[in-house]
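query_23.cif follows; it contains mmCIF, C-alpha atoms and all ligand atoms.
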```cif
data_target
loop_
_atom_site.group_PDB
_atom_site.id
_atom_site.type_symbol
_atom_site.label_atom_id
_atom_site.label_comp_id
_atom_site.auth_asym_id
_atom_site.auth_seq_id
_atom_site.Cartn_x
_atom_site.Cartn_y
_atom_site.Cartn_z
ATOM 1 C CA MET A 1 14.823 14.765 -15.531
ATOM 2 C CA LEU A 2 14.948 13.076 -12.130
ATOM 3 C CA LYS A 3 17.011 10.044 -11.261
ATOM 4 C CA VAL A 4 17.083 8.288 -7.905
ATOM 5 C CA GLU A 5 19.792 5.662 -7.467
ATOM 6 C CA ASN A 6 20.196 3.156 -4.658
ATOM 7 C CA LEU A 7 18.343 5.316 -2.160
ATOM 8 C CA ASN A 8 18.423 4.099 1.432
ATOM 9 C CA VAL A 9 16.664 5.790 4.318
ATOM 10 C CA TYR A 10 16.706 4.694 7.944
ATOM 11 C CA TYR A 11 14.647 6.138 10.765
ATOM 12 C CA GLY A 12 16.659 4.864 13.689
ATOM 13 C CA GLY A 13 16.358 1.100 13.387
ATOM 14 C CA ILE A 14 13.655 1.201 10.697
ATOM 15 C CA HIS A 15 15.001 0.673 7.186
ATOM 16 C CA ALA A 16 12.279 2.644 5.374
ATOM 17 C CA LEU A 17 13.770 2.692 1.849
ATOM 18 C CA ARG A 18 15.963 -0.175 0.737
ATOM 19 C CA GLY A 19 17.887 0.647 -2.409
ATOM 20 C CA ILE A 20 15.293 2.490 -4.480
ATOM 21 C CA ASN A 21 15.935 3.286 -8.150
ATOM 22 C CA ILE A 22 13.498 5.415 -10.110
ATOM 23 C CA GLU A 23 13.609 7.637 -13.160
ATOM 24 C CA VAL A 24 11.209 10.380 -14.190
ATOM 25 C CA GLU A 25 11.267 11.771 -17.709
ATOM 26 C CA GLU A 26 10.356 15.342 -18.468
ATOM 27 C CA GLY A 27 6.701 15.918 -19.308
ATOM 28 C CA GLN A 28 5.500 12.631 -17.855
ATOM 29 C CA ILE A 29 3.283 11.615 -14.993
ATOM 30 C CA VAL A 30 4.989 8.922 -12.952
ATOM 31 C CA SER A 31 2.960 7.230 -10.222
ATOM 32 C CA ILE A 32 4.212 5.425 -7.151
ATOM 33 C CA ILE A 33 1.627 3.128 -5.659
ATOM 34 C CA GLY A 34 1.863 1.121 -2.472
ATOM 35 C CA SER A 35 0.083 0.500 0.792
ATOM 36 C CA ASN A 36 0.365 2.364 4.105
ATOM 37 C CA GLY A 37 3.881 2.523 5.426
ATOM 38 C CA ALA A 38 5.465 1.349 2.154
ATOM 39 C CA GLY A 39 7.776 4.355 2.098
ATOM 40 C CA LYS A 40 6.032 6.565 -0.465
ATOM 41 C CA SER A 41 6.146 9.787 1.542
ATOM 42 C CA THR A 42 9.701 9.004 2.608
ATOM 43 C CA LEU A 43 10.684 8.844 -1.052
ATOM 44 C CA LEU A 44 9.092 12.206 -1.868
ATOM 45 C CA ASN A 45 10.519 13.774 1.292
ATOM 46 C CA SER A 46 13.983 12.560 0.307
ATOM 47 C CA ILE A 47 13.671 14.214 -3.105
ATOM 48 C CA SER A 48 12.470 17.493 -1.604
ATOM 49 C CA GLY A 49 15.243 17.405 1.011
ATOM 50 C CA ILE A 50 13.040 17.092 4.089
ATOM 51 C CA VAL A 51 14.428 13.633 4.833
ATOM 52 C CA LYS A 52 18.194 13.031 4.629
ATOM 53 C CA PRO A 53 18.971 9.679 3.015
ATOM 54 C CA GLN A 54 21.839 7.683 4.477
ATOM 55 C CA LYS A 55 22.849 6.321 1.090
ATOM 56 C CA GLY A 56 22.132 6.912 -2.580
ATOM 57 C CA VAL A 57 22.163 9.619 -5.210
ATOM 58 C CA ILE A 58 19.323 11.863 -6.340
ATOM 59 C CA SER A 59 20.000 13.869 -9.467
ATOM 60 C CA TYR A 60 17.906 16.455 -11.247
ATOM 61 C CA LYS A 61 18.585 17.546 -14.820
ATOM 62 C CA GLY A 62 21.895 15.687 -14.713
ATOM 63 C CA LYS A 63 23.231 17.140 -11.461
ATOM 64 C CA GLU A 64 23.128 15.820 -7.931
ATOM 65 C CA ILE A 65 20.544 17.818 -5.982
ATOM 66 C CA PRO A 66 21.640 20.010 -3.076
ATOM 67 C CA ARG A 67 20.752 18.932 0.455
ATOM 68 C CA ALA A 68 18.882 22.024 1.640
ATOM 69 C CA PRO A 69 15.114 22.026 0.965
ATOM 70 C CA HIS A 70 15.008 25.729 -0.013
ATOM 71 C CA ARG A 71 17.725 25.190 -2.611
ATOM 72 C CA ILE A 72 15.775 22.278 -4.051
ATOM 73 C CA VAL A 73 12.714 24.535 -4.349
ATOM 74 C CA GLU A 74 14.883 27.080 -6.173
ATOM 75 C CA LEU A 75 15.748 24.388 -8.723
ATOM 76 C CA GLY A 76 12.056 24.162 -9.631
ATOM 77 C CA ILE A 77 11.024 21.139 -7.593
ATOM 78 C CA CYS A 78 7.895 21.603 -5.526
ATOM 79 C CA GLN A 79 6.293 19.174 -3.114
ATOM 80 C CA VAL A 80 2.624 19.302 -2.220
ATOM 81 C CA PRO A 81 2.749 17.377 1.051
ATOM 82 C CA GLU A 82 0.297 14.856 2.424
ATOM 83 C CA GLY A 83 -2.342 16.481 4.626
ATOM 84 C CA ARG A 84 -2.665 19.837 2.853
ATOM 85 C CA LEU A 85 -0.968 22.193 5.327
ATOM 86 C CA VAL A 86 -2.380 25.513 4.164
ATOM 87 C CA PHE A 87 -1.949 28.715 6.162
ATOM 88 C CA ALA A 88 -5.249 28.638 8.041
ATOM 89 C CA ASN A 89 -5.286 32.324 9.014
ATOM 90 C CA LEU A 90 -4.556 33.664 5.563
ATOM 91 C CA THR A 91 -7.072 34.048 2.778
ATOM 92 C CA VAL A 92 -7.106 31.707 -0.178
ATOM 93 C CA LYS A 93 -5.596 34.416 -2.345
ATOM 94 C CA ASP A 94 -2.801 35.177 0.128
ATOM 95 C CA ASN A 95 -2.002 31.480 0.394
ATOM 96 C CA LEU A 96 -1.633 31.375 -3.380
ATOM 97 C CA ILE A 97 0.540 34.496 -3.426
ATOM 98 C CA MET A 98 2.736 32.910 -0.724
ATOM 99 C CA GLY A 99 3.441 30.107 -3.178
ATOM 100 C CA ALA A 100 5.233 32.628 -5.392
ATOM 101 C CA TYR A 101 7.529 33.914 -2.624
ATOM 102 C CA LEU A 102 10.695 33.114 -4.558
ATOM 103 C CA ARG A 103 9.576 34.968 -7.682
ATOM 104 C CA ASN A 104 9.731 38.659 -8.426
ATOM 105 C CA ASP A 105 8.137 38.706 -11.883
ATOM 106 C CA LYS A 106 4.992 40.482 -10.694
ATOM 107 C CA LYS A 107 3.207 40.463 -14.005
ATOM 108 C CA ARG A 108 3.679 36.745 -14.542
ATOM 109 C CA ILE A 109 2.637 36.034 -10.947
ATOM 110 C CA GLU A 110 -0.663 37.816 -11.688
ATOM 111 C CA GLU A 111 -1.064 35.798 -14.884
ATOM 112 C CA ASP A 112 -0.345 32.551 -13.069
ATOM 113 C CA LEU A 113 -2.872 33.441 -10.387
ATOM 114 C CA GLU A 114 -5.492 33.747 -13.140
ATOM 115 C CA LYS A 115 -4.404 30.356 -14.514
ATOM 116 C CA ILE A 116 -4.788 28.785 -11.078
ATOM 117 C CA TYR A 117 -8.279 30.255 -10.795
ATOM 118 C CA GLN A 118 -9.138 28.738 -14.182
ATOM 119 C CA LEU A 119 -7.806 25.390 -13.057
ATOM 120 C CA PHE A 120 -9.627 25.594 -9.713
ATOM 121 C CA PRO A 121 -12.739 27.789 -10.130
ATOM 122 C CA ARG A 122 -13.689 26.870 -6.560
ATOM 123 C CA LEU A 123 -10.647 28.743 -5.290
ATOM 124 C CA GLU A 124 -11.567 31.876 -7.198
ATOM 125 C CA GLU A 125 -15.068 31.815 -5.722
ATOM 126 C CA ARG A 126 -13.501 31.638 -2.280
ATOM 127 C CA LYS A 127 -10.429 33.778 -2.766
ATOM 128 C CA ASN A 128 -11.223 36.062 0.193
ATOM 129 C CA GLN A 129 -12.160 33.245 2.556
ATOM 130 C CA MET A 130 -9.779 32.186 5.349
ATOM 131 C CA ALA A 131 -8.059 28.997 4.237
ATOM 132 C CA GLY A 132 -8.710 27.314 7.576
ATOM 133 C CA THR A 133 -12.462 27.411 6.905
ATOM 134 C CA LEU A 134 -12.252 25.638 3.546
ATOM 135 C CA SER A 135 -13.469 22.059 3.267
ATOM 136 C CA GLY A 136 -10.839 19.320 3.140
ATOM 137 C CA GLY A 137 -11.112 18.981 -0.615
ATOM 138 C CA GLU A 138 -10.871 22.727 -1.124
ATOM 139 C CA GLN A 139 -7.765 22.817 1.068
ATOM 140 C CA GLN A 140 -6.269 20.090 -1.088
ATOM 141 C CA MET A 141 -6.927 22.209 -4.171
ATOM 142 C CA LEU A 142 -5.383 25.210 -2.441
ATOM 143 C CA ALA A 143 -2.260 23.246 -1.511
ATOM 144 C CA MET A 144 -1.871 22.197 -5.145
ATOM 145 C CA GLY A 145 -2.557 25.717 -6.402
ATOM 146 C CA ARG A 146 -0.030 27.184 -3.998
ATOM 147 C CA GLY A 147 2.581 24.700 -5.208
ATOM 148 C CA LEU A 148 1.902 25.675 -8.810
ATOM 149 C CA MET A 149 2.311 29.376 -7.995
ATOM 150 C CA GLY A 150 6.025 28.718 -7.528
ATOM 151 C CA ASP A 151 6.103 27.819 -11.242
ATOM 152 C CA PRO A 152 7.919 24.523 -10.639
ATOM 153 C CA ASP A 153 9.046 22.177 -13.414
ATOM 154 C CA LEU A 154 8.689 19.063 -11.285
ATOM 155 C CA ILE A 155 5.779 18.613 -8.883
ATOM 156 C CA LEU A 156 5.758 15.980 -6.167
ATOM 157 C CA LEU A 157 2.190 15.170 -5.149
ATOM 158 C CA ASP A 158 1.654 13.137 -1.990
ATOM 159 C CA GLU A 159 -1.796 11.495 -1.903
ATOM 160 C CA PRO A 160 -3.804 14.336 -3.431
ATOM 161 C CA SER A 161 -7.009 12.264 -3.359
ATOM 162 C CA LEU A 162 -6.775 11.192 0.276
ATOM 163 C CA GLY A 163 -10.074 11.559 2.109
ATOM 164 C CA LEU A 164 -11.955 13.117 -0.787
ATOM 165 C CA ALA A 165 -15.437 12.131 -1.929
ATOM 166 C CA PRO A 166 -15.518 10.162 -5.223
ATOM 167 C CA LEU A 167 -16.676 13.103 -7.334
ATOM 168 C CA LEU A 168 -13.867 15.290 -6.063
ATOM 169 C CA VAL A 169 -11.354 12.472 -6.544
ATOM 170 C CA LYS A 170 -12.351 12.453 -10.210
ATOM 171 C CA THR A 171 -11.917 16.239 -10.402
ATOM 172 C CA ILE A 172 -8.501 16.145 -8.738
ATOM 173 C CA PHE A 173 -7.209 13.536 -11.188
ATOM 174 C CA GLU A 174 -8.553 15.555 -14.124
ATOM 175 C CA ILE A 175 -6.719 18.581 -12.759
ATOM 176 C CA ILE A 176 -3.498 16.578 -12.479
ATOM 177 C CA GLU A 177 -3.843 15.768 -16.182
ATOM 178 C CA ASP A 178 -4.407 19.479 -16.886
ATOM 179 C CA ILE A 179 -1.261 20.316 -14.922
ATOM 180 C CA LYS A 180 0.687 17.916 -17.137
ATOM 181 C CA LYS A 181 -0.615 19.847 -20.156
ATOM 182 C CA MET A 182 0.915 22.987 -18.624
ATOM 183 C CA ASN A 183 4.317 21.381 -19.400
ATOM 184 C CA LYS A 184 4.881 20.197 -15.868
ATOM 185 C CA THR A 185 6.385 16.891 -14.839
ATOM 186 C CA ILE A 186 4.579 15.077 -12.049
ATOM 187 C CA LEU A 187 5.679 12.445 -9.570
ATOM 188 C CA LEU A 188 2.498 11.225 -7.939
ATOM 189 C CA VAL A 189 2.180 9.098 -4.827
ATOM 190 C CA GLU A 190 -1.209 7.467 -4.324
ATOM 191 C CA GLN A 191 -3.104 4.717 -2.609
ATOM 192 C CA ASN A 192 -5.850 5.090 -5.184
ATOM 193 C CA ALA A 193 -3.972 2.766 -7.496
ATOM 194 C CA TYR A 194 -6.565 2.560 -10.240
ATOM 195 C CA LYS A 195 -6.777 6.307 -10.788
ATOM 196 C CA ALA A 196 -3.047 6.840 -10.354
ATOM 197 C CA LEU A 197 -2.262 4.187 -12.964
ATOM 198 C CA SER A 198 -4.974 5.439 -15.325
ATOM 199 C CA ILE A 199 -3.417 8.868 -15.746
ATOM 200 C CA ALA A 200 0.280 7.910 -15.505
ATOM 201 C CA ASP A 201 2.839 7.194 -18.193
ATOM 202 C CA LYS A 202 5.010 5.084 -15.939
ATOM 203 C CA ALA A 203 4.510 3.514 -12.541
ATOM 204 C CA TYR A 204 6.350 1.891 -9.691
ATOM 205 C CA VAL A 205 4.929 -0.401 -7.051
ATOM 206 C CA LEU A 206 6.580 0.202 -3.698
ATOM 207 C CA GLU A 207 6.311 -2.365 -0.912
ATOM 208 C CA GLN A 208 8.146 -2.313 2.406
ATOM 209 C CA GLY A 209 10.776 0.029 1.112
ATOM 210 C CA THR A 210 11.508 -1.845 -2.113
ATOM 211 C CA ILE A 211 10.340 -1.416 -5.697
ATOM 212 C CA LYS A 212 8.353 -4.584 -6.407
ATOM 213 C CA LYS A 213 7.383 -3.743 -9.952
ATOM 214 C CA GLU A 214 7.906 -1.033 -12.519
ATOM 215 C CA GLY A 215 6.843 -0.355 -16.070
ATOM 216 C CA ALA A 216 4.389 1.383 -18.335
ATOM 217 C CA ALA A 217 1.362 2.333 -16.256
ATOM 218 C CA LYS A 218 -0.972 0.673 -18.775
ATOM 219 C CA GLU A 219 0.845 -2.637 -18.373
ATOM 220 C CA ILE A 220 0.809 -2.503 -14.595
ATOM 221 C CA LEU A 221 -2.902 -1.804 -14.790
ATOM 222 C CA GLN A 222 -3.284 -5.149 -16.620
ATOM 223 C CA ASP A 223 -1.146 -7.098 -14.144
ATOM 224 C CA LYS A 224 -3.289 -9.673 -12.329
ATOM 225 C CA SER A 225 -1.260 -9.794 -9.115
ATOM 226 C CA ILE A 226 -1.274 -5.997 -8.899
ATOM 227 C CA LEU A 227 -5.000 -5.939 -9.594
ATOM 228 C CA GLU A 228 -5.623 -8.254 -6.702
ATOM 229 C CA ALA A 229 -3.286 -6.518 -4.275
ATOM 230 C CA TYR A 230 -4.057 -2.881 -4.977
ATOM 231 C CA LEU A 231 -6.971 -2.333 -7.255
ATOM 232 C CA GLY A 232 -9.717 -4.214 -5.507
ATOM 233 C CA LYS A 233 -10.029 -1.536 -2.887
ATOM 234 C CA ALA A 234 -9.541 1.345 -5.269
ATOM 235 C CA HIS A 235 -12.941 1.251 -6.991
HETATM 236 N N1 LIG A 301 9.941 10.412 11.145
HETATM 237 C C1 LIG A 301 9.857 9.095 11.251
HETATM 238 N N2 LIG A 301 10.383 8.420 12.291
HETATM 239 C C2 LIG A 301 10.305 7.081 12.391
HETATM 240 N N3 LIG A 301 9.719 6.298 11.470
HETATM 241 C C3 LIG A 301 9.177 6.888 10.414
HETATM 242 C C4 LIG A 301 9.193 8.320 10.232
HETATM 243 N N4 LIG A 301 8.561 8.622 9.086
HETATM 244 C C5 LIG A 301 8.155 7.445 8.572
HETATM 245 N N5 LIG A 301 8.516 6.408 9.360
HETATM 246 C C6 LIG A 301 8.259 4.975 9.100
HETATM 247 O O1 LIG A 301 8.784 4.656 7.820
HETATM 248 C C7 LIG A 301 7.901 3.794 7.112
HETATM 249 C C8 LIG A 301 7.490 4.463 5.787
HETATM 250 O O2 LIG A 301 6.680 5.597 6.066
HETATM 251 P P1 LIG A 301 6.068 6.529 4.961
HETATM 252 O O3 LIG A 301 5.405 7.660 5.628
HETATM 253 O O4 LIG A 301 7.116 6.837 3.971
HETATM 254 O O5 LIG A 301 4.985 5.550 4.288
HETATM 255 P P2 LIG A 301 3.866 5.853 3.195
HETATM 256 O O6 LIG A 301 4.041 4.850 2.114
HETATM 257 O O7 LIG A 301 3.876 7.272 2.818
HETATM 258 O O8 LIG A 301 2.525 5.497 3.993
HETATM 259 P P3 LIG A 301 1.065 6.168 3.929
HETATM 260 O O9 LIG A 301 0.400 5.602 2.728
HETATM 261 O O10 LIG A 301 0.416 5.670 5.185
HETATM 262 O O11 LIG A 301 1.225 7.650 3.890
HETATM 263 C C9 LIG A 301 6.736 3.530 8.029
HETATM 264 O O12 LIG A 301 6.949 2.314 8.666
HETATM 265 C C10 LIG A 301 6.790 4.681 9.040
HETATM 266 O O13 LIG A 301 6.297 4.315 10.293
HETATM 267 MG MG MG A 302 2.530 8.834 3.023
#
```

Mind converting the file's structure to structure tokens?
Amino acid sequence: MLKVENLNVYYGGIHALRGINIEVEEGQIVSIIGSNGAGKSTLLNSISGIVKPQKGVISYKGKEIPRAPHRIVELGICQVPEGRLVFANLTVKDNLIMGAYLRNDKKRIEEDLEKIYQLFPRLEERKNQMAGTLSGGEQQMLAMGRGLMGDPDLILLDEPSLGLAPLLVKTIFEIIEDIKKMNKTILLVEQNAYKALSIADKAYVLEQGTIKKEGAAKEILQDKSILEAYLGKAH
């Protein structure tokens, strides 16, 4: 579904991605794990068109993706960025409706809103509350719900568990598995390596702009060197 080939990104003199190759198959959860500054967000931002790579090819469903972010959204690729970014002065419900701005199938938008409320009951309880007054975890849920309202096929999730209490981390990962069951494909970036590997089909380990390891998530979860480097701090 998604193929990234020899991707190189520079920020001035910083070579942030150094020849990245990844593949995401339809219907799967693929996790990218790696420490701070490894280049995880840069990779997602390159796919969603926010960052312009200097070299490499990104293709989606067999075709090279366009360069403009709004055209990438139109293809059915949605990024839920790091740090939530909800519209603080709109209600929860209006934030969700905003997520469907490219759609005009009113009836299905209403149906999807109900689905989002089933997925995140907390958002339904607070649908008339201003988004800026939600807790951090609730804002994270809202950002994910808003992304889903665009009815994307491929969802790019950047650190959905960042800063959440353990119980909510568990909930968020359960919801990601539920999203997969809604026939969505998910590319997940996480520092919580244990959880990210537990729910993924495939995984990549990104370090200093290079893929250090790739394979079935279950196998990477068994890898001693990975365990030591990334999983110790994840529990
Ligand atoms: N706009 C920018 N200008 C200059 N350097 C940048 C920019 N964005 C990212 N970088 C640098 O590129 C490298 C990769 O950053 P990136 O945000 O992709 O890492 P990350 O893996 O997402 O880290 P984190 O886990 O902390 O979110 C870092 O060294 C960062 O400082
Ligand atoms: Mg990041």

Compute the set of protein, DNA and RNA residues whose minimum atom distance to ligand MG 302 (chain A) is at most 12 Å, using only C-alpha atoms and all ligand atoms, and state it as a PDB file with C-alpha atoms, in the coordinates of the input.
```pdb
ATOM      1  CA  ALA A  16      12.279   2.644   5.374  1.00  0.00           C
ATOM      2  CA  ILE A  32       4.212   5.425  -7.151  1.00  0.00           C
ATOM      3  CA  ILE A  33       1.627   3.128  -5.659  1.00  0.00           C
ATOM      4  CA  GLY A  34       1.863   1.121  -2.472  1.00  0.00           C
ATOM      5  CA  SER A  35       0.083   0.500   0.792  1.00  0.00           C
ATOM      6  CA  ASN A  36       0.365   2.364   4.105  1.00  0.00           C
ATOM      7  CA  GLY A  37       3.881   2.523   5.426  1.00  0.00           C
ATOM      8  CA  ALA A  38       5.465   1.349   2.154  1.00  0.00           C
ATOM      9  CA  GLY A  39       7.776   4.355   2.098  1.00  0.00           C
ATOM     10  CA  LYS A  40       6.032   6.565  -0.465  1.00  0.00           C
ATOM     11  CA  SER A  41       6.146   9.787   1.542  1.00  0.00           C
ATOM     12  CA  THR A  42       9.701   9.004   2.608  1.00  0.00           C
ATOM     13  CA  LEU A  43      10.684   8.844  -1.052  1.00  0.00           C
ATOM     14  CA  LEU A  44       9.092  12.206  -1.868  1.00  0.00           C
ATOM     15  CA  ASN A  45      10.519  13.774   1.292  1.00  0.00           C
ATOM     16  CA  VAL A  80       2.624  19.302  -2.220  1.00  0.00           C
ATOM     17  CA  PRO A  81       2.749  17.377   1.051  1.00  0.00           C
ATOM     18  CA  GLU A  82       0.297  14.856   2.424  1.00  0.00           C
ATOM     19  CA  GLY A  83      -2.342  16.481   4.626  1.00  0.00           C
ATOM     20  CA  LEU A 157       2.190  15.170  -5.149  1.00  0.00           C
ATOM     21  CA  ASP A 158       1.654  13.137  -1.990  1.00  0.00           C
ATOM     22  CA  GLU A 159      -1.796  11.495  -1.903  1.00  0.00           C
ATOM     23  CA  PRO A 160      -3.804  14.336  -3.431  1.00  0.00           C
ATOM     24  CA  SER A 161      -7.009  12.264  -3.359  1.00  0.00           C
ATOM     25  CA  LEU A 162      -6.775  11.192   0.276  1.00  0.00           C
ATOM     26  CA  LEU A 188       2.498  11.225  -7.939  1.00  0.00           C
ATOM     27  CA  VAL A 189       2.180   9.098  -4.827  1.00  0.00           C
ATOM     28  CA  GLU A 190      -1.209   7.467  -4.324  1.00  0.00           C
ATOM     29  CA  GLN A 191      -3.104   4.717  -2.609  1.00  0.00           C
ATOM     30  CA  LEU A 206       6.580   0.202  -3.698  1.00  0.00           C
TER      31      LEU A 206
END
```

> Hey, can you pull every residue with an atom no more than 12 Å from (-6.2, 6.3, -17.4), using only C-alpha atoms, and send it as an MDAnalysis selection string?
Replying inline: chainID A and resid 29 31 170 173:174 176:177 193:202 216:222

Could you save the residues just selected, with C-alpha atoms, as a PDB file, keeping the file's coordinate frame?
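The resulting file, again.pdb, is reproduced below:
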```pdb
ATOM      1  CA  ILE A  29       3.283  11.615 -14.993  1.00  0.00           C
ATOM      2  CA  SER A  31       2.960   7.230 -10.222  1.00  0.00           C
ATOM      3  CA  LYS A 170     -12.351  12.453 -10.210  1.00  0.00           C
ATOM      4  CA  PHE A 173      -7.209  13.536 -11.188  1.00  0.00           C
ATOM      5  CA  GLU A 174      -8.553  15.555 -14.124  1.00  0.00           C
ATOM      6  CA  ILE A 176      -3.498  16.578 -12.479  1.00  0.00           C
ATOM      7  CA  GLU A 177      -3.843  15.768 -16.182  1.00  0.00           C
ATOM      8  CA  ALA A 193      -3.972   2.766  -7.496  1.00  0.00           C
ATOM      9  CA  TYR A 194      -6.565   2.560 -10.240  1.00  0.00           C
ATOM     10  CA  LYS A 195      -6.777   6.307 -10.788  1.00  0.00           C
ATOM     11  CA  ALA A 196      -3.047   6.840 -10.354  1.00  0.00           C
ATOM     12  CA  LEU A 197      -2.262   4.187 -12.964  1.00  0.00           C
ATOM     13  CA  SER A 198      -4.974   5.439 -15.325  1.00  0.00           C
ATOM     14  CA  ILE A 199      -3.417   8.868 -15.746  1.00  0.00           C
ATOM     15  CA  ALA A 200       0.280   7.910 -15.505  1.00  0.00           C
ATOM     16  CA  ASP A 201       2.839   7.194 -18.193  1.00  0.00           C
ATOM     17  CA  LYS A 202       5.010   5.084 -15.939  1.00  0.00           C
ATOM     18  CA  ALA A 216       4.389   1.383 -18.335  1.00  0.00           C
ATOM     19  CA  ALA A 217       1.362   2.333 -16.256  1.00  0.00           C
ATOM     20  CA  LYS A 218      -0.972   0.673 -18.775  1.00  0.00           C
ATOM     21  CA  GLU A 219       0.845  -2.637 -18.373  1.00  0.00           C
ATOM     22  CA  ILE A 220       0.809  -2.503 -14.595  1.00  0.00           C
ATOM     23  CA  LEU A 221      -2.902  -1.804 -14.790  1.00  0.00           C
ATOM     24  CA  GLN A 222      -3.284  -5.149 -16.620  1.00  0.00           C
TER      25      GLN A 222
END
```

> Which one of A:Tyr60, A:Val51, A:Gly27, A:Ile116 sits closest to Val4 in chain A if you count only C-alpha atoms?
Replying inline: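 Looking at the shortest contact to Val4 in chain A, the residue is A:Tyr60.
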
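Residue nearest Val9 in chain A within the list A:Leu231, A:Pro53, A:Pro66, A:Glu23: A:Pro53 [criterion: smallest interatomic distance, only C-alpha atoms].
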
>> Which residues are near Thr133 in chain A? Cut-off 12 Å, only C-alpha atoms, ignore same chain within fewer than 5 positions. Put them as an MDAnalysis selection string.
In response: chainID A and resid 86:92 126:128 138:139 142

What box, with edges along x, y and z, holds each listed atom of ligand LIG 301 (chain A) when 8 Å is added on every side, and can you state its centre and edge lengths in Å to one decimal, as lines of an AutoDock Vina configuration file?
```
center_x = 5.4
center_y = 6.4
center_z = 7.3
size_x = 26.0
size_y = 24.1
size_z = 26.3
```

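Atom to atom, atom O4 of ligand LIG 301 (chain A) and CA of Asp151 in chain A stand 25.9 Å apart.
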
> Using all atoms listed in the file, which residues sit within 12 Å of Leu148 in chain A once same-chain residues fewer than 4 positions away are excluded, as an MDAnalysis selection string?
Replying inline: chainID A and resid 73 76:80 95:101 109 112:117 119:120 141:144 152:157 175:176 178:180 182:186

> Once the PyMOL selection byres (((chain A and resi 65) around 12) and not hetatm) has been applied to the shown file, what residues remain in the selection, as a VMD selection string?
Replying inline: chain A and resid 1 to 4 46 to 49 52 56 to 64 66 to 77

>> Report, in Å with one decimal, the straight-line distance from CA of Gly12 in chain A to CA of Ile211 in chain A.
In response: 21.3 Å

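In this comparison, which uses all atoms listed in the file, the residue of A:Gly132, A:Gly13, A:Glu228, A:Asn8 approaching ligand LIG 301 (chain A) most closely is A:Gly13.
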
> Smallest atom-to-atom distance to ligand LIG 301 (chain A): which of A:Glu5, A:Gly209, A:Ser135, A:Glu125, using all atoms listed in the file?
Replying inline: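 Smallest separation from ligand LIG 301 (chain A) among the options: A:Gly209.
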
>> Between atom O3 of ligand LIG 301 (chain A) and CA of Glu207 in chain A, what is the distance in Å, rounded to a tenth?
In response: 12.0 Å

> Looking at all atoms listed in the file, which of A:Glu110, A:Val24, A:Lys181, A:Ile50 is the one that sits closest to ligand LIG 301 (chain A)?
Replying inline: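 Of the candidates, the smallest distance to ligand LIG 301 (chain A) is held by A:Ile50.
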